[in-house]
Amino acid sequence: MSKENKTKETTQSIDEFIDSFVESDQKKEDSYQLIALMKEWSGFEPKMWGPSIIGFGSYHYKYESGREGDMLIIGFSPRKAAISLYIAAPGKERDELLPKLGKHTTGKGCIYVKRLSDIDLNVLEKLCRTTLDRIKAEP
């Protein structure tokens, strides 16, 4: 039996999440700006995924192991230390674009930024659109 994915779409209110969870006024402003930008770039309405991720669009995945589920295409989480960007742009494009993004760090599947003013939003748009194009192209 495959383990259920903890990160799934919920009906939680995004405004309530931001108002109650995000302490910094700057991070609240950045969150609403990211919502507007990612909605425009993706064409998808924002949805909560799990308790703290705002996602746009979804796709179904199935691994060779048999594990499968649904996941957001692009999204972010305004965490206390940094904003976690969930953008899975493929290797070559990611490698070319990340050095141009601005002040950020990376983790296993995330890009972390302290504030949107630290990064080039045009580069972020390219990373998001590359991710969206890749997901749309998969069978």
# chains A, B, ... in the order shown; residues from 1 in each chain; ligands from 1
>>> select_by_dssp(residues="stretch 23-102 of chain A", states="strand (DSSP E)", output="number ranges by chain")
A: 46-49, 53-62, 68-78, 83-87
>>> residues_around(residues="stretch 45-58 of chain A", least_positions_apart="4", cutoff="7 Å", atoms="only C-alpha atoms", output="count of residues only")
18
>>> residues_around(residues="A:Tyr32", least_positions_apart="5", cutoff="9 Å", atoms="only C-alpha atoms", output="ChimeraX atom specification")
/A:18,27,37
>>> atom_distance(atom1="atom CA of A:Asp118", atom2="atom CA of A:Phe17")
23.9 Å
>>> select_by_dssp(residues="stretch 23-121 of chain A", states="alpha helix (DSSP H)", output="VMD selection string")
chain A and resid 25 to 42 91 to 101 121
>>> closest_residue(among="A:Thr131, A:Ser42, A:Ser24, A:Gln33", to="A:Leu116", atoms="only C-alpha atoms")
A:Gln33
>>> residues_around(residues="A:Ala82", least_positions_apart="5", cutoff="6 Å", atoms="only C-alpha atoms", output="number ranges by chain")
A: 112-114
>>> atom_distance(atom1="atom CA of A:Gly43", atom2="atom CA of A:Lys136")
12.7 Å
>>> residues_around(residues="stretch 92-102 of chain A", least_positions_apart="3", cutoff="9 Å", atoms="only C-alpha atoms", output="JSON list (two decimals) with C-alpha atoms, in the first residue's frame")
[["chain", "number", "residue", "atom", "x", "y", "z"],
["A", 88, "ALA", "CA", 10.84, 22.68, -10.59],
["A", 89, "ALA", "CA", 12.31, 24.22, -13.75],
["A", 113, "VAL", "CA", 14.38, 34.14, -0.83],
["A", 118, "ASP", "CA", 16.15, 40.74, -3.46],
["A", 119, "ILE", "CA", 15.39, 38.98, -6.75],
["A", 120, "ASP", "CA", 14.76, 39.73, -10.43],
["A", 121, "LEU", "CA", 11.05, 39.06, -11.00],
["A", 122, "ASN", "CA", 11.62, 38.65, -14.76],
["A", 123, "VAL", "CA", 13.96, 35.73, -14.02],
["A", 124, "LEU", "CA", 11.42, 34.31, -11.56],
["A", 126, "LYS", "CA", 11.03, 32.58, -16.69],
["A", 127, "LEU", "CA", 11.63, 29.89, -14.05],
["A", 130, "THR", "CA", 9.64, 26.89, -17.80]]
